[in-house]
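Structure file input-v1.cif with mmCIF, C-alpha atoms:
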```
data_start
#
loop_
_atom_site.group_PDB
_atom_site.id
_atom_site.type_symbol
_atom_site.label_atom_id
_atom_site.label_comp_id
_atom_site.auth_asym_id
_atom_site.auth_seq_id
_atom_site.Cartn_x
_atom_site.Cartn_y
_atom_site.Cartn_z
ATOM 1 C CA MET G 1 -41.497 -34.944 49.594
ATOM 2 C CA ALA G 2 -37.837 -35.318 48.652
ATOM 3 C CA LEU G 3 -36.051 -38.697 48.780
ATOM 4 C CA SER G 4 -33.735 -37.614 51.631
ATOM 5 C CA THR G 5 -36.797 -37.058 53.793
ATOM 6 C CA TYR G 6 -37.823 -40.671 53.405
ATOM 7 C CA HIS G 7 -34.387 -41.858 54.535
ATOM 8 C CA ASN G 8 -34.761 -39.870 57.760
ATOM 9 C CA LEU G 9 -38.263 -40.894 58.800
ATOM 10 C CA GLY G 10 -36.948 -43.581 61.136
ATOM 11 C CA ARG G 11 -39.840 -45.970 60.504
ATOM 12 C CA PRO G 12 -39.378 -49.699 61.491
ATOM 13 C CA PHE G 13 -38.327 -52.056 58.713
ATOM 14 C CA ILE G 14 -41.287 -54.118 57.454
ATOM 15 C CA ALA G 15 -40.397 -55.755 54.149
ATOM 16 C CA PRO G 16 -37.945 -55.383 51.291
ATOM 17 C CA VAL G 17 -39.108 -52.833 48.743
ATOM 18 C CA ASN G 18 -37.825 -51.531 45.434
ATOM 19 C CA LEU G 19 -36.302 -48.223 46.560
ATOM 20 C CA THR G 20 -35.370 -47.298 43.027
ATOM 21 C CA LYS G 21 -38.990 -47.222 41.916
ATOM 22 C CA ILE G 22 -40.096 -45.318 45.021
ATOM 23 C CA ALA G 23 -37.274 -42.823 44.625
ATOM 24 C CA SER G 24 -38.119 -42.378 40.976
ATOM 25 C CA ARG G 25 -41.807 -41.716 41.686
ATOM 26 C CA LYS G 26 -41.151 -39.359 44.589
ATOM 27 C CA CYS G 27 -38.457 -37.387 42.780
ATOM 28 C CA LYS G 28 -40.678 -36.925 39.745
ATOM 29 C CA PHE G 29 -43.482 -35.752 42.042
ATOM 30 C CA ALA G 30 -41.145 -33.271 43.732
ATOM 31 C CA VAL G 31 -39.899 -31.908 40.422
ATOM 32 C CA GLN G 32 -43.438 -31.449 39.155
ATOM 33 C CA ASN G 33 -44.387 -29.585 42.339
ATOM 34 C CA CYS G 34 -41.372 -27.278 42.004
ATOM 35 C CA SER G 35 -42.305 -26.587 38.406
ATOM 36 C CA LEU G 36 -45.861 -25.665 39.400
ATOM 37 C CA ASP G 37 -44.599 -23.429 42.202
ATOM 38 C CA ARG G 38 -42.322 -21.542 39.842
ATOM 39 C CA SER G 39 -45.083 -21.005 37.303
ATOM 40 C CA GLN G 40 -47.652 -19.868 39.863
ATOM 41 C CA PRO G 41 -46.474 -16.213 40.066
ATOM 42 C CA ASN G 42 -46.644 -15.954 36.262
ATOM 43 C CA LYS G 43 -50.224 -17.236 36.319
ATOM 44 C CA LEU G 44 -51.147 -14.710 38.995
ATOM 45 C CA VAL G 45 -49.542 -11.891 36.996
ATOM 46 C CA LEU G 46 -51.706 -12.816 33.997
ATOM 47 C CA GLU G 47 -54.747 -13.038 36.268
ATOM 48 C CA VAL G 48 -54.150 -9.536 37.623
ATOM 49 C CA LYS G 49 -53.406 -8.236 34.133
ATOM 50 C CA ASP G 50 -56.630 -9.732 32.769
ATOM 51 C CA LYS G 51 -58.672 -8.325 35.680
ATOM 52 C CA LEU G 52 -57.235 -4.855 35.137
ATOM 53 C CA ALA G 53 -57.932 -5.066 31.398
ATOM 54 C CA LYS G 54 -61.570 -5.975 31.997
ATOM 55 C CA GLU G 55 -62.432 -3.760 34.955
ATOM 56 C CA TYR G 56 -60.064 -0.788 34.650
ATOM 57 C CA THR G 57 -59.920 -0.049 30.933
ATOM 58 C CA TYR G 58 -59.427 3.664 31.626
ATOM 59 C CA LEU G 59 -56.020 3.082 33.201
ATOM 60 C CA PRO G 60 -53.033 3.669 30.902
ATOM 61 C CA LEU G 61 -50.926 0.974 29.268
ATOM 62 C CA GLY G 62 -47.137 0.716 29.012
ATOM 63 C CA LYS G 63 -44.453 1.154 31.635
ATOM 64 C CA ASN G 64 -46.027 1.630 35.069
ATOM 65 C CA GLY G 65 -49.408 0.994 33.472
ATOM 66 C CA ARG G 66 -51.998 -1.745 33.915
ATOM 67 C CA ASP G 67 -50.167 -4.156 31.577
ATOM 68 C CA ASP G 68 -46.689 -3.665 33.083
ATOM 69 C CA GLU G 69 -45.980 -7.246 34.156
ATOM 70 C CA GLU G 70 -42.878 -6.354 36.170
ATOM 71 C CA MET G 71 -44.860 -3.812 38.173
ATOM 72 C CA ILE G 72 -47.732 -6.262 38.617
ATOM 73 C CA LEU G 73 -45.376 -8.929 39.952
ATOM 74 C CA TRP G 74 -43.825 -6.462 42.413
ATOM 75 C CA PHE G 75 -47.237 -5.515 43.815
ATOM 76 C CA LEU G 76 -48.246 -9.178 43.974
ATOM 77 C CA LYS G 77 -45.173 -9.917 46.085
ATOM 78 C CA ASP G 78 -45.980 -6.955 48.305
ATOM 79 C CA ARG G 79 -49.540 -8.255 48.798
ATOM 80 C CA LYS G 80 -48.269 -11.803 49.421
ATOM 81 C CA PHE G 81 -49.637 -12.953 46.065
ATOM 82 C CA SER G 82 -53.209 -11.920 46.775
ATOM 83 C CA VAL G 83 -54.768 -11.057 43.409
ATOM 84 C CA GLU G 84 -57.464 -8.856 44.966
ATOM 85 C CA GLY G 85 -54.924 -7.120 47.187
ATOM 86 C CA ALA G 86 -52.565 -6.462 44.291
ATOM 87 C CA VAL G 87 -55.350 -5.155 42.047
ATOM 88 C CA SER G 88 -56.571 -2.792 44.753
ATOM 89 C CA LYS G 89 -53.134 -1.384 45.501
ATOM 90 C CA LEU G 90 -52.080 -1.263 41.849
ATOM 91 C CA THR G 91 -55.104 0.690 40.678
ATOM 92 C CA LYS G 92 -54.524 3.295 43.369
ATOM 93 C CA ALA G 93 -50.848 3.554 42.455
ATOM 94 C CA ILE G 94 -51.499 3.929 38.731
ATOM 95 C CA LYS G 95 -54.219 6.542 39.344
ATOM 96 C CA TRP G 96 -51.885 8.433 41.652
ATOM 97 C CA ARG G 97 -49.108 8.436 39.033
ATOM 98 C CA GLN G 98 -51.561 9.991 36.567
ATOM 99 C CA GLU G 99 -52.832 12.626 38.978
ATOM 100 C CA PHE G 100 -49.366 13.520 40.251
ATOM 101 C CA ARG G 101 -48.056 13.556 36.654
ATOM 102 C CA VAL G 102 -45.023 11.535 37.623
ATOM 103 C CA SER G 103 -43.995 11.002 33.996
ATOM 104 C CA GLU G 104 -43.742 14.769 33.498
ATOM 105 C CA LEU G 105 -41.219 15.350 36.288
ATOM 106 C CA THR G 106 -37.797 16.397 34.965
ATOM 107 C CA GLU G 107 -34.533 17.877 36.206
ATOM 108 C CA GLU G 108 -35.774 21.223 34.910
ATOM 109 C CA SER G 109 -39.124 21.029 36.699
ATOM 110 C CA VAL G 110 -37.513 20.441 40.108
ATOM 111 C CA LYS G 111 -34.312 22.451 39.690
ATOM 112 C CA ASN G 112 -35.272 25.272 42.062
ATOM 113 C CA MET G 113 -36.016 22.969 44.981
ATOM 114 C CA ALA G 114 -33.076 20.724 44.144
ATOM 115 C CA ALA G 115 -30.808 23.795 44.325
ATOM 116 C CA THR G 116 -31.479 24.010 48.075
ATOM 117 C CA GLY G 117 -29.446 20.821 48.534
ATOM 118 C CA LYS G 118 -32.100 19.363 50.833
ATOM 119 C CA ALA G 119 -32.184 16.061 48.944
ATOM 120 C CA TYR G 120 -30.247 14.395 46.137
ATOM 121 C CA LEU G 121 -29.295 11.055 44.622
ATOM 122 C CA HIS G 122 -25.766 9.982 45.517
ATOM 123 C CA ASP G 123 -23.431 9.312 42.584
ATOM 124 C CA PHE G 124 -22.401 5.882 43.902
ATOM 125 C CA LEU G 125 -24.199 2.769 45.116
ATOM 126 C CA ASP G 126 -23.635 1.540 48.668
ATOM 127 C CA ILE G 127 -21.630 -1.649 49.278
ATOM 128 C CA TYR G 128 -24.820 -3.707 48.878
ATOM 129 C CA GLY G 129 -25.456 -2.306 45.411
ATOM 130 C CA ARG G 130 -28.335 -0.019 46.397
ATOM 131 C CA PRO G 131 -28.939 3.468 44.987
ATOM 132 C CA VAL G 132 -28.669 6.004 47.799
ATOM 133 C CA LEU G 133 -31.070 8.889 48.411
ATOM 134 C CA ILE G 134 -29.637 11.509 50.752
ATOM 135 C CA VAL G 135 -31.888 13.910 52.654
ATOM 136 C CA VAL G 136 -30.522 16.925 54.557
ATOM 137 C CA PRO G 137 -33.313 18.158 56.884
ATOM 138 C CA SER G 138 -31.276 21.159 58.067
ATOM 139 C CA LYS G 139 -31.845 22.652 54.585
ATOM 140 C CA HIS G 140 -35.592 22.068 54.702
ATOM 141 C CA PHE G 141 -37.795 24.968 55.828
ATOM 142 C CA PRO G 142 -41.502 24.076 55.711
ATOM 143 C CA ASN G 143 -42.586 27.633 56.492
ATOM 144 C CA ILE G 144 -40.757 28.930 53.431
ATOM 145 C CA HIS G 145 -40.617 26.141 50.838
ATOM 146 C CA ASP G 146 -43.656 25.248 48.739
ATOM 147 C CA PRO G 147 -44.922 21.836 49.962
ATOM 148 C CA ILE G 148 -46.024 20.781 46.460
ATOM 149 C CA GLU G 149 -42.560 21.521 45.080
ATOM 150 C CA ASN G 150 -41.061 19.513 47.950
ATOM 151 C CA GLU G 151 -43.244 16.563 46.992
ATOM 152 C CA LYS G 152 -42.281 16.831 43.334
ATOM 153 C CA LEU G 153 -38.576 16.761 44.190
ATOM 154 C CA CYS G 154 -39.148 13.759 46.439
ATOM 155 C CA ILE G 155 -40.943 11.735 43.748
ATOM 156 C CA PHE G 156 -38.496 12.770 41.042
ATOM 157 C CA LEU G 157 -35.572 11.517 43.135
ATOM 158 C CA VAL G 158 -37.291 8.221 43.970
ATOM 159 C CA GLU G 159 -37.957 7.654 40.260
ATOM 160 C CA LYS G 160 -34.379 8.575 39.407
ATOM 161 C CA ALA G 161 -33.054 6.169 42.044
ATOM 162 C CA LEU G 162 -35.220 3.314 40.760
ATOM 163 C CA ALA G 163 -33.961 3.942 37.240
ATOM 164 C CA LYS G 164 -30.442 3.485 38.605
ATOM 165 C CA LEU G 165 -31.110 0.033 40.106
ATOM 166 C CA PRO G 166 -28.459 -2.454 38.951
ATOM 167 C CA ALA G 167 -29.449 -5.915 37.741
ATOM 168 C CA GLY G 168 -30.652 -8.077 40.615
ATOM 169 C CA GLN G 169 -31.158 -5.164 43.004
ATOM 170 C CA LYS G 170 -34.697 -4.005 43.821
ATOM 171 C CA GLN G 171 -34.362 -1.658 46.797
ATOM 172 C CA LEU G 172 -33.015 1.739 47.802
ATOM 173 C CA LEU G 173 -31.148 3.091 50.814
ATOM 174 C CA GLY G 174 -32.272 6.331 52.436
ATOM 175 C CA VAL G 175 -29.755 8.439 54.367
ATOM 176 C CA PHE G 176 -31.027 11.292 56.537
ATOM 177 C CA ASP G 177 -28.212 13.625 57.541
ATOM 178 C CA LEU G 178 -29.562 14.981 60.824
ATOM 179 C CA ARG G 179 -26.552 17.069 61.754
ATOM 180 C CA ASP G 180 -27.551 20.684 62.414
ATOM 181 C CA PHE G 181 -31.241 19.727 62.631
ATOM 182 C CA ARG G 182 -33.301 22.438 64.360
ATOM 183 C CA THR G 183 -36.947 22.801 65.354
ATOM 184 C CA GLU G 184 -37.658 25.022 62.316
ATOM 185 C CA ASN G 185 -36.698 22.077 60.083
ATOM 186 C CA ALA G 186 -39.273 19.727 61.622
ATOM 187 C CA ASP G 187 -42.012 18.800 59.160
ATOM 188 C CA LEU G 188 -44.265 15.990 60.338
ATOM 189 C CA LYS G 189 -46.586 16.387 57.361
ATOM 190 C CA PHE G 190 -43.842 15.923 54.797
ATOM 191 C CA LEU G 191 -42.265 12.982 56.626
ATOM 192 C CA THR G 192 -45.595 11.152 56.691
ATOM 193 C CA PHE G 193 -46.099 12.028 53.001
ATOM 194 C CA LEU G 194 -42.738 10.458 52.202
ATOM 195 C CA PHE G 195 -43.420 7.204 54.009
ATOM 196 C CA ASP G 196 -47.021 7.043 52.739
ATOM 197 C CA VAL G 197 -45.731 7.358 49.186
ATOM 198 C CA LEU G 198 -43.207 4.597 49.816
ATOM 199 C CA TYR G 199 -45.878 2.341 51.317
ATOM 200 C CA TYR G 200 -48.704 2.858 48.827
ATOM 201 C CA TYR G 201 -46.960 3.647 45.557
ATOM 202 C CA TYR G 202 -43.425 2.265 45.891
ATOM 203 C CA PRO G 203 -44.019 -0.715 48.205
ATOM 204 C CA SER G 204 -40.975 -2.522 49.595
ATOM 205 C CA ARG G 205 -38.586 -0.301 47.642
ATOM 206 C CA LEU G 206 -37.017 1.229 50.750
ATOM 207 C CA SER G 207 -34.557 -1.239 52.237
ATOM 208 C CA GLN G 208 -33.437 0.901 55.171
ATOM 209 C CA ALA G 209 -33.484 4.509 56.378
ATOM 210 C CA LEU G 210 -30.388 5.655 58.231
ATOM 211 C CA PHE G 211 -30.835 8.565 60.640
ATOM 212 C CA VAL G 212 -27.292 9.856 60.972
ATOM 213 C CA ASP G 213 -26.009 11.789 64.000
ATOM 214 C CA ALA G 214 -29.449 12.743 65.272
ATOM 215 C CA PRO G 215 -29.189 15.552 67.858
ATOM 216 C CA PHE G 216 -31.077 15.472 71.144
ATOM 217 C CA ILE G 217 -33.554 18.020 69.795
ATOM 218 C CA PHE G 218 -34.685 15.472 67.195
ATOM 219 C CA LYS G 219 -35.940 13.043 69.853
ATOM 220 C CA PRO G 220 -39.363 14.646 70.595
ATOM 221 C CA PHE G 221 -40.010 14.994 66.856
ATOM 222 C CA TRP G 222 -39.271 11.290 66.334
ATOM 223 C CA GLN G 223 -41.585 10.340 69.205
ATOM 224 C CA LEU G 224 -44.411 12.093 67.362
ATOM 225 C CA ALA G 225 -43.475 10.749 63.936
ATOM 226 C CA ARG G 226 -42.766 7.120 64.738
ATOM 227 C CA PRO G 227 -46.382 5.977 65.395
ATOM 228 C CA LEU G 228 -47.471 7.575 62.111
ATOM 229 C CA LEU G 229 -44.972 5.560 60.069
ATOM 230 C CA GLY G 230 -46.403 2.183 61.021
ATOM 231 C CA SER G 231 -44.259 -0.789 60.008
ATOM 232 C CA TYR G 232 -41.865 1.480 58.118
ATOM 233 C CA ALA G 233 -40.538 2.746 61.450
ATOM 234 C CA SER G 234 -38.789 -0.610 61.808
ATOM 235 C CA LEU G 235 -36.641 0.246 58.770
ATOM 236 C CA VAL G 236 -35.114 3.215 60.585
ATOM 237 C CA ARG G 237 -31.667 2.835 62.069
ATOM 238 C CA PHE G 238 -30.019 5.574 64.117
ATOM 239 C CA CYS G 239 -26.283 5.577 63.515
ATOM 240 C CA SER G 240 -23.177 7.726 63.537
ATOM 241 C CA THR G 241 -21.243 9.155 60.617
ATOM 242 C CA ASP G 242 -18.456 6.711 61.410
ATOM 243 C CA THR G 243 -20.866 3.754 61.183
ATOM 244 C CA LEU G 244 -22.208 5.054 57.890
ATOM 245 C CA ARG G 245 -18.710 5.260 56.416
ATOM 246 C CA LYS G 246 -17.533 1.870 57.664
ATOM 247 C CA GLU G 247 -20.648 -0.258 57.161
ATOM 248 C CA TYR G 248 -22.236 1.147 54.012
ATOM 249 C CA PHE G 249 -19.538 2.645 51.810
ATOM 250 C CA THR G 250 -15.914 2.358 50.784
ATOM 251 C CA GLU G 251 -13.450 5.244 51.035
ATOM 252 C CA GLU G 252 -14.055 5.961 47.350
ATOM 253 C CA THR G 253 -17.846 5.856 47.445
ATOM 254 C CA VAL G 254 -18.727 7.536 50.752
ATOM 255 C CA PRO G 255 -20.777 10.719 50.202
ATOM 256 C CA THR G 256 -18.640 13.850 50.219
ATOM 257 C CA ASN G 257 -20.462 15.356 53.211
ATOM 258 C CA PHE G 258 -19.602 12.302 55.296
ATOM 259 C CA LYS G 259 -15.940 11.949 54.403
ATOM 260 C CA ALA G 260 -13.533 11.907 57.361
#
```
Please express what this file holds, its structure, as structure tokens.
Amino acid sequence: MALSTYHNLGRPFIAPVNLTKIASRKCKFAVQNCSLDRSQPNKLVLEVKDKLAKEYTYLPLGKNGRDDEEMILWFLKDRKFSVEGAVSKLTKAIKWRQEFRVSELTEESVKNMAATGKAYLHDFLDIYGRPVLIVVPSKHFPNIHDPIENEKLCIFLVEKALAKLPAGQKQLLGVFDLRDFRTENADLKFLTFLFDVLYYYYPSRLSQALFVDAPFIFKPFWQLARPLLGSYASLVRFCSTDTLRKEYFTEETVPTNFKA
């Protein structure tokens, strides 16, 4: 307990005491506690790392592998520093990255789907320093476009956005341009895929999802989708183009499609 707390306890005066000695003891105790608290996450990272090394030797090493301490720490934070929880979620994420072949995704491999303009990474960060992923549902046609290719483009862009994170920033902003949205653009399966991927494999990376200028026809689709998104639905904010421009970008950095 810090020294200032003792001054505010309001206890009745009993006898003269040596406050200097008490203060010295209590301050040292507080400093030691702070030091232990700061070191605790590092100990848990090593614990997870050791557990993965012993029980999941088949998982790969290196970046985004079982010995990636930065990744381990991120999953620990997501699981509120539960070692078992982090190990469980991490192993699934690493396995998924292998099966999906995330490391093999390139500009060339997704160029055909990217050419539709349905999703892209904005050239500028928002005013909070977050990379911005822009999705244009009016250019998405689930009855025509290959769902696997859609998923590949999605993961490629998330990876590209994470690689663009500036120092000190850990999260992304998603912008869904819902202007011109029609029933043929509705794709409940893909939307749930997107949020499942963000929850299981990129936990806590999405800071906010802006649904911009949603038309009335979007409402019944959202009523179906919202329960499927779980807690991620709380990250969604419906807003106007004007709000997007004024609250998230400067005149120089606002996406071209949203310029006044």
Legend entry - region 199-211 of chain G environment, 6 Å, all atoms listed in the file, sequence neighbours closer than 2 positions dropped, as a ChimeraX atom specification: /G:93,171-176,196-197,235-238
Determine, using only C-alpha atoms, which residues of region 214-254 of chain G have any atom at most 12 Å from an atom of region 134-141 of chain G, and tabulate each with its shortest atom pair and distance in Å to one decimal place, rows ordered by chain and then rising number, as JSON lines.
```
{"residue": "G:Ala214", "atom": "CA", "partner": "G:Pro137", "partner_atom": "CA", "distance": 10.7}
{"residue": "G:Pro215", "atom": "CA", "partner": "G:Ser138", "partner_atom": "CA", "distance": 11.5}
{"residue": "G:Phe218", "atom": "CA", "partner": "G:Pro137", "partner_atom": "CA", "distance": 10.7}
{"residue": "G:Val254", "atom": "CA", "partner": "G:Ile134", "partner_atom": "CA", "distance": 11.6}
```
Legend entry - Point-to-point distance from CA of Gly65 (chain G) to CA of Ile94 (chain G), Å rounded to tenths: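 If I compute the distance from CA of Gly65 (chain G) to CA of Ile94 (chain G), I get 6.4 Å.
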Inset, instruction - Determine the nearest neighbour of Leu194 (chain G) from the options G:Phe216, G:Tyr232, G:Tyr248, G:Tyr128, counting all atoms listed in the file. - result: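 Closest residue, counting all atoms listed in the file: G:Tyr232.
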Inset, instruction - Name the closest residue to Pro166 (chain G) among the candidates G:Gly129, G:Lys189, G:Glu151, G:His122; distances are taken between atoms, counting all atoms listed in the file. - result: G:Gly129
Inset, instruction - Work out how far apart CA of Thr256 (chain G) and CA of Lys160 (chain G) are and give it in Å to one decimal. - result: 19.8 Å
Residue contacts of Pro255 (chain G) (9 Å, all atoms listed in the file) excluding same-chain residues fewer than 2 positions away, as a tab-separated table (two decimals) with C-alpha atoms, keeping the file's coordinate frame:
```tsv
chain	number	residue	atom	x	y	z
G	122	HIS	CA	-25.77	9.98	45.52
G	123	ASP	CA	-23.43	9.31	42.58
G	124	PHE	CA	-22.40	5.88	43.90
G	134	ILE	CA	-29.64	11.51	50.75
G	245	ARG	CA	-18.71	5.26	56.42
G	249	PHE	CA	-19.54	2.64	51.81
G	252	GLU	CA	-14.06	5.96	47.35
G	253	THR	CA	-17.85	5.86	47.44
G	257	ASN	CA	-20.46	15.36	53.21
G	258	PHE	CA	-19.60	12.30	55.30
G	259	LYS	CA	-15.94	11.95	54.40
```
Inset, instruction - Go through G:Val87, G:Ile217, G:Val132, G:Val110 one by one, measure the shortest atom-to-atom distance of each to Tyr56 (chain G) using all atoms listed in the file, and give the residue with the smallest value. - result: G:Val87
Inset, instruction - Using all atoms listed in the file, find all polymer residues with an atom at most 12 Å away from the point (-51.8, 7.4, 39.5); report them as a VMD selection string. - result: chain G and resid 58 to 60 64 to 66 89 to 103 197 200 to 202
Legend entry - Between CA of Glu247 (chain G) and CA of Ile127 (chain G), distance in Å (one decimal):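 Taking CA of Glu247 (chain G) and CA of Ile127 (chain G), their separation equals 8.1 Å.
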